[in-house]
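*Asks:* Got a file for you: coords_21.txt, compact mmCIF, C-alpha atoms.
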```
# COMPACT_ATOMS: atom_id res chain seq x y z
CA MET G 259 101.94 107.59 86.49
CA ASP G 260 102.81 111.26 86.09
CA LEU G 261 104.69 111.85 89.35
CA GLY G 262 103.82 115.52 89.19
CA ALA G 263 100.43 114.48 90.58
CA LEU G 264 102.10 113.86 93.95
CA THR G 265 103.02 117.51 94.39
CA GLY G 266 100.67 119.22 91.98
CA GLY G 267 97.10 118.85 93.23
CA ALA G 268 93.81 117.42 91.96
CA GLU G 269 94.17 118.66 88.36
CA ARG G 270 97.53 116.96 88.03
CA GLY G 271 95.95 113.92 89.69
CA ALA G 272 93.26 113.79 87.01
CA ALA G 273 95.95 113.88 84.33
CA SER G 274 98.23 111.42 86.10
CA GLY G 275 97.15 108.34 84.20
CA VAL G 276 95.81 106.78 87.43
CA PRO G 277 92.10 105.83 87.25
CA GLN G 278 90.01 108.45 89.13
CA GLY G 279 93.27 110.18 90.03
CA GLY G 280 91.60 113.57 90.38
CA GLN G 281 89.05 112.31 92.94
CA LEU G 282 91.75 110.44 94.85
CA VAL G 283 94.07 113.44 95.09
CA ALA G 284 91.18 115.71 96.10
CA PHE G 285 90.27 113.24 98.85
CA ALA G 286 93.87 113.00 100.07
CA GLU G 287 94.12 116.79 100.21
CA ALA G 288 90.85 117.05 102.13
CA THR G 289 91.95 114.47 104.72
CA VAL G 290 95.09 116.51 105.42
CA GLY G 291 93.20 119.82 105.49
CA ASP G 292 90.90 121.27 108.14
CA ASP G 293 87.77 121.79 106.05
CA ASP G 294 85.22 119.16 107.09
CA ALA G 295 82.75 120.25 104.41
CA ALA G 296 85.38 119.77 101.70
CA LEU G 297 86.21 116.35 103.12
CA ALA G 298 82.54 115.36 103.05
CA ARG G 299 82.26 116.46 99.39
CA THR G 300 85.36 114.55 98.31
CA ARG G 301 84.18 111.51 100.27
CA GLU G 302 80.87 111.48 98.39
CA ALA G 303 82.65 112.03 95.08
CA LEU G 304 84.94 109.10 95.78
CA ILE G 305 82.05 106.80 96.69
CA ALA G 306 80.21 107.84 93.52
CA ALA G 307 83.28 107.24 91.35
CA LEU G 308 84.71 104.08 92.91
CA GLY G 309 82.27 102.67 95.45
CA PRO G 310 82.14 102.43 99.25
CA ALA G 311 84.89 99.82 99.59
CA ALA G 312 87.26 102.16 97.74
CA LEU G 313 86.50 104.92 100.24
CA VAL G 314 87.51 102.61 103.07
CA ASP G 315 90.72 101.65 101.28
CA ALA G 316 91.49 105.28 100.51
CA ALA G 317 90.89 106.30 104.11
CA ALA G 318 93.08 103.43 105.29
CA VAL G 319 95.95 104.49 103.02
CA THR G 320 95.79 108.21 103.79
CA SER G 321 95.62 107.56 107.53
CA ASN G 322 98.43 105.02 107.25
CA PHE G 323 100.71 107.64 105.81
CA GLU G 324 99.68 110.19 108.45
CA ARG G 325 101.25 107.64 110.80
CA MET G 326 104.30 106.79 108.70
CA VAL G 327 105.33 110.40 107.99
CA ARG G 328 105.34 111.14 111.72
CA ILE G 329 107.43 108.06 112.49
CA ALA G 330 109.94 108.99 109.79
CA ASP G 331 110.14 112.70 110.61
CA ALA G 332 110.15 112.34 114.40
CA THR G 333 112.98 109.80 114.44
CA GLY G 334 115.15 111.56 111.87
CA ILE G 335 115.79 108.44 109.81
CA PRO G 336 117.75 109.04 106.63
CA LEU G 337 116.55 107.78 103.26
CA ASP G 338 117.93 104.29 102.64
CA ALA G 339 121.17 104.60 100.68
CA PRO G 340 120.15 102.75 97.49
CA LEU G 341 116.94 104.72 97.28
CA ALA G 342 118.77 107.97 97.94
CA ALA G 343 121.01 107.27 94.97
CA LEU G 344 118.23 106.08 92.65
CA SER G 345 115.88 108.96 93.42
CA ILE G 346 118.20 111.94 92.86
CA ASP G 347 116.53 113.07 89.65
CA VAL G 348 112.96 112.45 90.84
CA ARG G 349 113.55 114.31 94.08
CA ARG G 350 115.02 117.26 92.28
CA ASP G 351 112.21 117.35 89.70
CA LEU G 352 109.50 117.22 92.39
CA GLY G 353 111.21 119.75 94.67
CA ILE G 354 111.41 117.26 97.51
CA ASP G 355 115.00 118.19 98.32
CA ALA G 356 113.66 121.49 99.68
CA TYR G 357 111.88 119.72 102.54
CA ALA G 358 113.40 120.35 105.97
CA ALA G 359 113.99 116.64 106.61
CA ALA G 360 116.15 116.36 103.48
CA ALA G 361 119.00 117.47 105.72
CA GLN G 362 118.88 114.05 107.40
CA THR G 363 119.98 112.17 104.28
CA PRO G 364 123.63 112.49 103.27
CA ALA G 365 124.26 113.18 99.60
CA PRO G 366 125.04 109.93 97.78
CA SER G 367 128.72 109.36 96.97
CA ARG G 368 129.95 109.83 93.43
CA VAL G 369 130.28 106.06 93.05
CA ALA G 370 126.71 105.55 94.25
CA ARG G 371 125.43 108.16 91.79
CA VAL G 372 127.23 106.50 88.89
CA LEU G 373 125.94 103.07 89.87
CA ALA G 374 122.43 104.46 90.23
CA ARG G 375 122.53 105.97 86.75
CA TRP G 376 123.61 102.62 85.39
CA ALA G 377 121.12 100.55 87.41
CA GLY G 378 118.20 102.98 87.21
CA PRO G 379 116.69 101.72 83.92
CA PHE G 380 116.64 98.19 85.31
CA VAL G 381 114.78 99.08 88.53
CA PRO G 382 111.23 98.70 87.14
CA ARG G 383 112.15 95.23 85.84
CA LEU G 384 113.77 94.29 89.16
CA LEU G 385 110.66 95.44 91.01
CA ARG G 386 108.45 93.31 88.75
CA LEU G 387 110.71 90.29 89.41
CA ALA G 388 110.63 90.96 93.14
CA SER G 389 106.86 91.26 92.95
CA LYS G 390 106.58 87.94 91.10
CA ALA G 391 108.88 86.27 93.65
CA SER G 392 106.84 87.71 96.48
CA ARG G 393 103.60 86.34 95.04
CA SER G 394 105.17 82.92 94.40
CA SER G 395 106.47 82.58 97.93
CA ALA G 396 103.10 83.58 99.31
CA ARG G 397 101.38 80.62 97.61
CA MET A 23 92.69 92.77 137.51
CA LEU A 24 92.73 94.02 133.92
CA ARG A 25 89.60 95.78 132.77
CA PRO A 26 88.86 94.78 129.16
CA VAL A 27 89.13 97.48 126.48
CA LEU A 28 85.89 97.59 124.50
CA ALA A 29 86.07 96.41 120.91
CA ILE A 30 86.16 99.18 118.32
CA ARG A 31 83.29 98.97 115.85
CA TYR A 32 82.34 100.89 112.73
CA ASP A 33 78.64 99.94 112.66
CA ALA A 34 77.68 103.62 112.57
CA ALA A 35 79.97 104.37 109.62
CA PRO A 36 78.27 105.56 106.40
CA VAL A 37 79.93 102.68 104.52
CA PRO A 38 80.74 99.06 105.48
CA VAL A 39 84.26 98.77 106.90
CA ARG A 40 86.22 95.58 106.29
CA SER A 41 86.79 93.63 109.50
CA ASP A 42 90.57 93.74 109.62
CA LEU A 43 90.48 97.47 110.32
CA PRO A 44 88.33 97.51 113.50
CA GLU A 45 90.26 94.44 114.64
CA ALA A 46 93.62 96.21 114.23
CA HIS A 47 92.27 99.38 115.84
CA THR A 48 90.91 97.44 118.81
CA HIS A 49 94.34 95.86 119.35
CA ALA A 50 95.96 99.30 119.03
CA TRP A 51 93.60 100.69 121.69
CA GLN A 52 94.33 97.72 123.97
CA ARG A 53 98.07 98.33 123.63
CA LEU A 54 97.51 102.05 124.15
CA ALA A 55 95.84 101.41 127.51
CA ALA A 56 98.35 98.83 128.73
CA PRO A 57 101.67 99.61 130.42
CA GLY A 58 104.34 100.04 127.79
CA THR A 59 108.08 99.73 127.81
CA TRP A 60 108.82 103.14 129.32
CA TRP A 61 105.41 104.68 130.08
CA THR A 62 102.55 103.43 132.25
CA GLY A 63 99.12 102.82 130.75
CA ALA A 64 97.90 106.08 132.27
CA GLU A 65 100.82 107.97 130.73
CA ARG A 66 100.27 106.36 127.33
CA VAL A 67 96.61 107.40 127.35
CA ALA A 68 97.70 110.88 128.47
CA ILE A 69 100.07 111.02 125.47
CA ALA A 70 97.15 110.14 123.21
CA ALA A 71 94.98 112.79 124.85
CA GLU A 72 97.69 115.40 124.30
CA ALA A 73 98.01 114.37 120.66
CA ARG A 74 94.29 115.09 120.25
CA ALA A 75 94.62 118.36 122.16
CA ALA A 76 97.29 119.55 119.73
CA ALA A 77 94.57 120.13 117.11
CA ARG A 78 93.03 122.82 119.37
CA CYS A 79 96.27 124.25 120.75
CA PRO A 80 96.71 127.99 119.97
CA LEU A 81 100.51 127.73 120.15
CA CYS A 82 100.53 124.86 117.65
CA ARG A 83 98.25 126.83 115.35
CA GLU A 84 100.48 129.89 115.58
CA ARG A 85 103.62 127.86 114.90
CA LYS A 86 102.15 126.25 111.81
CA ALA A 87 101.42 129.69 110.39
CA VAL A 88 104.91 131.16 110.85
CA LEU A 89 107.98 130.58 108.72
CA SER A 90 110.03 129.20 111.58
CA PRO A 91 108.36 127.21 114.40
CA GLY A 92 110.82 128.72 116.88
CA ALA A 93 109.46 132.20 116.13
CA ALA A 94 106.25 131.44 118.05
CA ALA A 95 106.78 131.30 121.80
CA GLY A 96 104.47 130.34 124.62
CA ARG A 97 103.02 127.31 126.33
CA HIS A 98 100.96 124.55 124.84
CA ALA A 99 97.33 124.11 125.84
CA SER A 100 98.16 120.94 127.73
CA VAL A 101 95.53 118.51 129.05
CA SER A 102 97.81 116.26 131.12
CA ALA A 103 100.43 116.19 133.84
CA LEU A 104 103.14 115.07 131.42
CA SER A 105 106.40 117.00 131.43
CA ASP A 106 106.82 120.13 129.31
CA ALA A 107 109.31 118.27 127.12
CA ALA A 108 106.85 115.43 126.50
CA VAL A 109 104.02 117.85 125.75
CA GLU A 110 106.21 119.79 123.31
CA ALA A 111 107.19 116.54 121.58
CA ILE A 112 103.60 115.32 121.33
CA HIS A 113 102.15 118.58 120.06
CA ARG A 114 104.89 119.15 117.46
CA ILE A 115 104.79 115.59 116.13
CA ALA A 116 101.01 115.68 115.93
CA SER A 117 100.63 119.13 114.39
CA ASP A 118 103.77 119.93 112.39
CA PRO A 119 105.85 116.80 111.72
CA GLY A 120 107.48 118.09 108.53
CA ARG A 121 109.52 120.77 110.31
CA LEU A 122 111.05 118.80 113.16
CA SER A 123 114.82 119.14 113.46
CA LYS A 124 117.70 117.38 115.12
CA ARG A 125 118.35 120.45 117.24
CA TRP A 126 114.73 120.34 118.45
CA PHE A 127 115.10 116.64 119.29
CA GLU A 128 118.34 117.28 121.18
CA THR A 129 116.66 120.07 123.17
CA LEU A 130 114.04 117.57 124.34
CA ALA A 131 116.78 115.19 125.40
CA SER A 132 118.51 117.97 127.36
CA GLN A 133 115.21 118.54 129.16
CA GLY A 134 115.18 114.93 130.38
CA LEU A 135 113.12 113.09 127.74
CA GLY A 136 115.07 109.84 127.27
CA ASP A 137 115.53 108.43 123.78
CA ALA A 138 113.58 105.22 124.35
CA ALA A 139 110.73 107.01 126.11
CA TYR A 140 110.69 109.44 123.18
CA VAL A 141 110.46 106.58 120.66
CA GLU A 142 107.54 105.04 122.52
CA LEU A 143 105.89 108.47 122.62
CA VAL A 144 106.33 108.75 118.84
CA GLY A 145 104.67 105.35 118.42
CA VAL A 146 101.70 106.32 120.56
CA VAL A 147 101.21 109.70 118.86
CA ALA A 148 101.51 108.18 115.39
CA THR A 149 98.98 105.49 116.27
CA LEU A 150 96.48 107.95 117.69
CA VAL A 151 96.80 110.33 114.76
CA SER A 152 96.38 107.47 112.28
CA VAL A 153 93.25 105.96 113.84
CA ASP A 154 91.69 109.40 114.32
CA ALA A 155 92.52 110.28 110.71
CA PHE A 156 90.81 107.11 109.50
CA CYS A 157 87.69 107.96 111.50
CA ARG A 158 87.57 111.49 110.13
CA ALA A 159 88.19 110.28 106.59
CA ILE A 160 85.22 107.90 106.61
CA GLY A 161 82.99 110.33 108.49
CA VAL A 162 82.72 108.96 112.04
CA ALA A 163 83.59 110.51 115.37
CA PRO A 164 86.94 109.60 116.96
CA HIS A 165 86.78 106.70 119.40
CA PRO A 166 86.80 107.45 123.13
CA LEU A 167 90.24 106.87 124.58
CA PRO A 168 90.50 103.61 126.50
CA GLU A 169 90.66 103.33 130.26
CA PRO A 170 94.30 102.88 131.34
CA GLN A 171 95.30 99.48 132.65
CA PRO A 172 97.39 99.10 135.81
CA GLY A 173 100.95 97.81 135.81
CA ALA A 174 104.52 98.96 135.50
CA PRO A 175 106.47 99.51 132.28
CA SER A 176 108.83 96.69 131.39
CA ARG A 177 111.89 98.96 130.96
CA THR A 178 113.73 96.68 128.57
CA ARG A 179 116.13 98.05 125.97
CA PRO A 180 117.35 95.97 122.99
CA ALA A 181 121.06 95.27 123.18
CA ASP A 182 121.75 95.57 119.46
CA VAL A 183 120.64 99.17 118.81
CA GLY A 184 123.13 101.70 117.56
CA ASP A 185 123.77 104.78 115.49
CA HIS A 186 122.59 104.16 111.94
CA GLY A 187 122.16 107.76 110.93
CA ALA A 188 118.88 108.52 112.72
CA TRP A 189 118.32 110.81 115.68
CA VAL A 190 117.56 107.76 117.83
CA ALA A 191 119.39 104.45 118.11
CA ILE A 192 117.88 101.80 115.85
CA ARG A 193 118.54 98.14 115.22
CA PRO A 194 120.60 97.07 112.25
CA GLY A 195 118.82 95.13 109.54
CA ARG A 196 118.07 94.72 105.88
CA VAL A 197 114.55 96.12 105.97
CA GLY A 198 113.99 99.80 105.21
CA ASN A 199 114.85 102.44 107.78
CA VAL A 200 111.19 103.31 108.38
CA MET A 201 110.57 99.73 109.57
CA ARG A 202 113.43 100.07 112.05
CA ALA A 203 112.74 103.65 113.14
CA LEU A 204 110.92 102.55 116.31
CA SER A 205 113.10 99.49 116.98
CA LEU A 206 114.45 100.97 120.21
CA VAL A 207 111.01 99.94 121.54
CA PRO A 208 110.14 96.60 119.85
CA ALA A 209 106.55 96.67 121.12
CA GLU A 210 105.95 99.80 119.03
CA VAL A 211 107.31 98.01 115.96
CA ARG A 212 104.82 95.19 116.51
CA ASN A 213 102.03 97.76 116.79
CA LEU A 214 103.22 99.46 113.60
CA LEU A 215 103.30 96.19 111.66
CA GLU A 216 99.76 95.19 112.59
CA LEU A 217 98.36 98.57 111.62
CA LEU A 218 100.43 98.60 108.42
CA GLU A 219 98.98 95.24 107.40
CA ALA A 220 95.39 96.46 107.85
CA HIS A 221 95.81 99.95 106.40
CA TYR A 222 98.27 99.28 103.58
CA PHE A 223 100.50 96.22 103.14
CA GLY A 224 102.77 94.26 105.41
CA PRO A 225 106.52 94.37 104.65
CA ASP A 226 106.34 91.05 102.78
CA ARG A 227 103.89 92.49 100.23
CA ILE A 228 105.25 95.98 99.74
CA THR A 229 107.24 94.96 96.67
CA ASP A 230 104.26 93.03 95.23
CA LEU A 231 103.00 95.33 92.48
CA GLY A 232 100.28 92.95 91.32
CA GLU A 233 96.70 92.52 92.48
CA THR A 234 96.05 94.26 95.77
CA GLY A 235 93.01 92.25 96.79
CA ARG A 236 91.42 95.60 97.64
CA ALA A 237 89.01 97.96 95.90
CA LEU A 238 91.90 100.24 94.85
CA ASP A 239 94.76 99.15 92.62
CA ARG A 240 98.38 99.70 93.54
CA ALA A 241 98.79 102.87 91.50
CA GLN A 242 95.74 104.42 93.17
CA MET A 243 97.05 103.52 96.63
CA GLU A 244 100.49 104.94 95.87
CA LEU A 245 98.96 108.15 94.50
CA LEU A 246 97.15 108.64 97.82
CA ALA A 247 100.25 107.75 99.83
CA GLY A 248 102.46 110.06 97.81
CA ARG A 249 100.07 113.01 97.97
CA VAL A 250 99.66 112.79 101.76
CA SER A 251 103.42 112.48 102.17
CA ALA A 252 104.04 115.50 99.93
CA LEU A 253 101.43 117.59 101.77
CA ARG A 254 103.14 116.71 105.06
CA GLU A 255 106.51 117.50 103.43
CA CYS A 256 107.88 114.13 104.43
CA PHE A 257 111.19 113.65 102.64
CA TYR A 258 111.43 109.93 103.41
```
Take the structure in the file and write it out as structure tokens.

*Replies:*
Amino acid sequence: MDLGALTGGAERGAASGVPQGGQLVAFAEATVGDDDAALARTREALIAALGPAALVDAAAVTSNFERMVRIADATGIPLDAPLAALSIDVRRDLGIDAYAAAAQTPAPSRVARVLARWAGPFVPRLLRLASKASRSSAR
Amino acid sequence: MLRPVLAIRYDAAPVPVRSDLPEAHTHAWQRLAAPGTWWTGAERVAIAAEARAAARCPLCRERKAVLSPGAAAGRHASVSALSDAAVEAIHRIASDPGRLSKRWFETLASQGLGDAAYVELVGVVATLVSVDAFCRAIGVAPHPLPEPQPGAPSRTRPADVGDHGAWVAIRPGRVGNVMRALSLVPAEVRNLLELLEAHYFGPDRITDLGETGRALDRAQMELLAGRVSALRECFY
């Protein structure tokens, strides 16, 4: 996935590599905005592209994160330390460090940054292993 | 005697809604109406009503438009008898969560809003906003707020909470900070987990990048999650 789609809008969403990314980003933007007509248009576009069950899933996810962002921002929780170290480059590239709540997360130590640079390339593989373990234990 | 909270249904929705969602929302509405840990049922419903009122509040609208929220002064268009500090907390969390600050939180505390009561308030506001957002997203009207249930708050505080870098005390643990953010009020964590399971994934499946069992794949879900979070300027 082109992570620029997260901060760049529907056009970046369409070019993100995610199936129907443009429609999904447009829908997400409409749910956060105040324009009910725009929301209705993106809702219909999503149903046409992915079906009614996908609309329900999309609405569930967007509304879930309307809840989660408020919990995170209203309690002032810092980013978990390993993630703070691993995400330095991504956060900088996406401009996330400019958000007001960035002040809540201390800068990772030099040791943490070095370890993150070393461990970073292995994270996708570790996530796939964790995912496999999670599915195995669920059976 | 407890008066039952009516089950939430999505029969009038333009699309079929899978059953775990109305089930989770019904439970959320039941918990909303019931006495909580620090607030009565009536107060919890009042918090929810204020969270809805924030969308029509001229002060909230003005604050969102200015560079610094503190630059806009005045009183909120309140619909309840909750304290000024509680109303300020509710309206800001509902309408402008990305620009909350530690100084703002500490001001609320100095005005008498206790940390645990604040955490429960956050849980109620977040729940209300989430369920209302789901309704709007699928094209149905928001559900009527439930009738408050009688009873006193339990007033129990976990013994193992402490300073782990957040504005509020949270429990220690190996799960992510966002899962422990409301742990000063365990009932709100239970509410969060049930809604998380229905809307997204429970904590045991978050690292499972395989089949979602839903109509959207994981990448599509994360694209939605990430875009909403970026639009709300949520650093976490």

*Asks:* Residues of chain G within 8 Å of chain A, using all atoms listed in the file, as a ChimeraX atom specification?

*Replies:* /G:259,263-265,276-277,279,282-283,286-287,289-290,297-298,301,310-338,354-355,357-360,362,385-386,388-390,392-393

*Asks:* How would the residues just picked look written out with C-alpha atoms as a tab-separated table (two decimals), in the coordinates of the input?

*Replies:*
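Saved file result17.tsv follows:
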```
chain	number	residue	atom	x	y	z
G	259	MET	CA	101.94	107.59	86.49
G	263	ALA	CA	100.43	114.48	90.58
G	264	LEU	CA	102.10	113.86	93.95
G	265	THR	CA	103.02	117.51	94.39
G	276	VAL	CA	95.81	106.78	87.43
G	277	PRO	CA	92.10	105.83	87.25
G	279	GLY	CA	93.27	110.18	90.03
G	282	LEU	CA	91.75	110.44	94.85
G	283	VAL	CA	94.07	113.44	95.09
G	286	ALA	CA	93.87	113.00	100.07
G	287	GLU	CA	94.12	116.79	100.21
G	289	THR	CA	91.95	114.47	104.72
G	290	VAL	CA	95.09	116.51	105.42
G	297	LEU	CA	86.21	116.35	103.12
G	298	ALA	CA	82.54	115.36	103.05
G	301	ARG	CA	84.18	111.51	100.27
G	310	PRO	CA	82.14	102.43	99.25
G	311	ALA	CA	84.89	99.82	99.59
G	312	ALA	CA	87.26	102.16	97.74
G	313	LEU	CA	86.50	104.92	100.24
G	314	VAL	CA	87.51	102.61	103.07
G	315	ASP	CA	90.72	101.65	101.28
G	316	ALA	CA	91.49	105.28	100.51
G	317	ALA	CA	90.89	106.30	104.11
G	318	ALA	CA	93.08	103.43	105.29
G	319	VAL	CA	95.95	104.49	103.02
G	320	THR	CA	95.79	108.21	103.79
G	321	SER	CA	95.62	107.56	107.53
G	322	ASN	CA	98.43	105.02	107.25
G	323	PHE	CA	100.71	107.64	105.81
G	324	GLU	CA	99.68	110.19	108.45
G	325	ARG	CA	101.25	107.64	110.80
G	326	MET	CA	104.30	106.79	108.70
G	327	VAL	CA	105.33	110.40	107.99
G	328	ARG	CA	105.34	111.14	111.72
G	329	ILE	CA	107.43	108.06	112.49
G	330	ALA	CA	109.94	108.99	109.79
G	331	ASP	CA	110.14	112.70	110.61
G	332	ALA	CA	110.15	112.34	114.40
G	333	THR	CA	112.98	109.80	114.44
G	334	GLY	CA	115.15	111.56	111.87
G	335	ILE	CA	115.79	108.44	109.81
G	336	PRO	CA	117.75	109.04	106.63
G	337	LEU	CA	116.55	107.78	103.26
G	338	ASP	CA	117.93	104.29	102.64
G	354	ILE	CA	111.41	117.26	97.51
G	355	ASP	CA	115.00	118.19	98.32
G	357	TYR	CA	111.88	119.72	102.54
G	358	ALA	CA	113.40	120.35	105.97
G	359	ALA	CA	113.99	116.64	106.61
G	360	ALA	CA	116.15	116.36	103.48
G	362	GLN	CA	118.88	114.05	107.40
G	385	LEU	CA	110.66	95.44	91.01
G	386	ARG	CA	108.45	93.31	88.75
G	388	ALA	CA	110.63	90.96	93.14
G	389	SER	CA	106.86	91.26	92.95
G	390	LYS	CA	106.58	87.94	91.10
G	392	SER	CA	106.84	87.71	96.48
G	393	ARG	CA	103.60	86.34	95.04
```

*Asks:* As a list of chain:residue names, please: the residues near Pro366 in chain G (cut-off 8 Å, only C-alpha atoms, same-chain neighbours under 4 positions excluded).

*Replies:* G:Ala339, G:Ala342, G:Ala343, G:Ala370, G:Arg371

*Asks:* Show me, as a list of chain:residue names, the residues that have an atom within 9 Å of Leu130 in chain A when counting only C-alpha atoms, minus same-chain residues fewer than 5 positions from it.

*Replies:*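 The contact residues come out as A:Ala107, A:Ala108, A:Glu110, A:Ala111, A:Arg125, A:Leu135, A:Gly136, A:Tyr140.
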
*Asks:* Work out how far CA of Ala139 in chain A is from CA of Pro172 in chain A, in Å to one decimal.

*Replies:*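 Interatomic distance here is 18.3 Å.
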
*Asks:* Select from range 121-216 of chain A every residue with an atom at most 7 Å from any atom of range 50-61 of chain A, then for each give the shortest pair of atoms and their distance in Å to one decimal, using all atoms listed in the file, rows by chain and rising number, as a Markdown table.

*Replies:*
```
| residue | atom | partner | partner_atom | distance |
| --- | --- | --- | --- | --- |
| A:Ala139 | CA | A:Trp60 | CA | 5.4 |
| A:Val146 | CA | A:Leu54 | CA | 7.0 |
| A:Pro168 | CA | A:Ala55 | CA | 5.9 |
| A:Glu169 | CA | A:Ala55 | CA | 6.2 |
| A:Pro170 | CA | A:Ala55 | CA | 4.4 |
| A:Gln171 | CA | A:Ala56 | CA | 5.0 |
| A:Pro172 | CA | A:Pro57 | CA | 6.9 |
| A:Gly173 | CA | A:Pro57 | CA | 5.7 |
| A:Ala174 | CA | A:Pro57 | CA | 5.9 |
| A:Pro175 | CA | A:Thr59 | CA | 4.8 |
| A:Ser176 | CA | A:Thr59 | CA | 4.8 |
| A:Arg177 | CA | A:Thr59 | CA | 5.0 |
| A:Thr178 | CA | A:Thr59 | CA | 6.5 |
| A:Val207 | CA | A:Thr59 | CA | 6.9 |
| A:Asn213 | CA | A:Ala50 | CA | 6.7 |
```

*Asks:* Quick one: distance from CA of Leu143 in chain A to CA of Arg97 in chain A in Å, one decimal?

*Replies:*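 So the two atoms, CA of Leu143 in chain A and CA of Arg97 in chain A, lie 19.4 Å apart.
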
*Asks:* Can you work out the spacing between CA of Leu104 in chain A and CA of Pro208 in chain A in Å, to one decimal?

*Replies:*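 Computed distance, CA of Leu104 in chain A to CA of Pro208 in chain A, equals 22.9 Å.
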
*Asks:* Draw an axis-aligned box over all listed atoms of range 303-321 of chain G, pad each side with 3 Å, and write its centre and edge lengths in Å, one decimal, as JSON.

*Replies:*
```
{"center_x": 88.1, "center_y": 105.9, "center_z": 99.4, "size_x": 21.7, "size_y": 18.2, "size_z": 22.2}
```
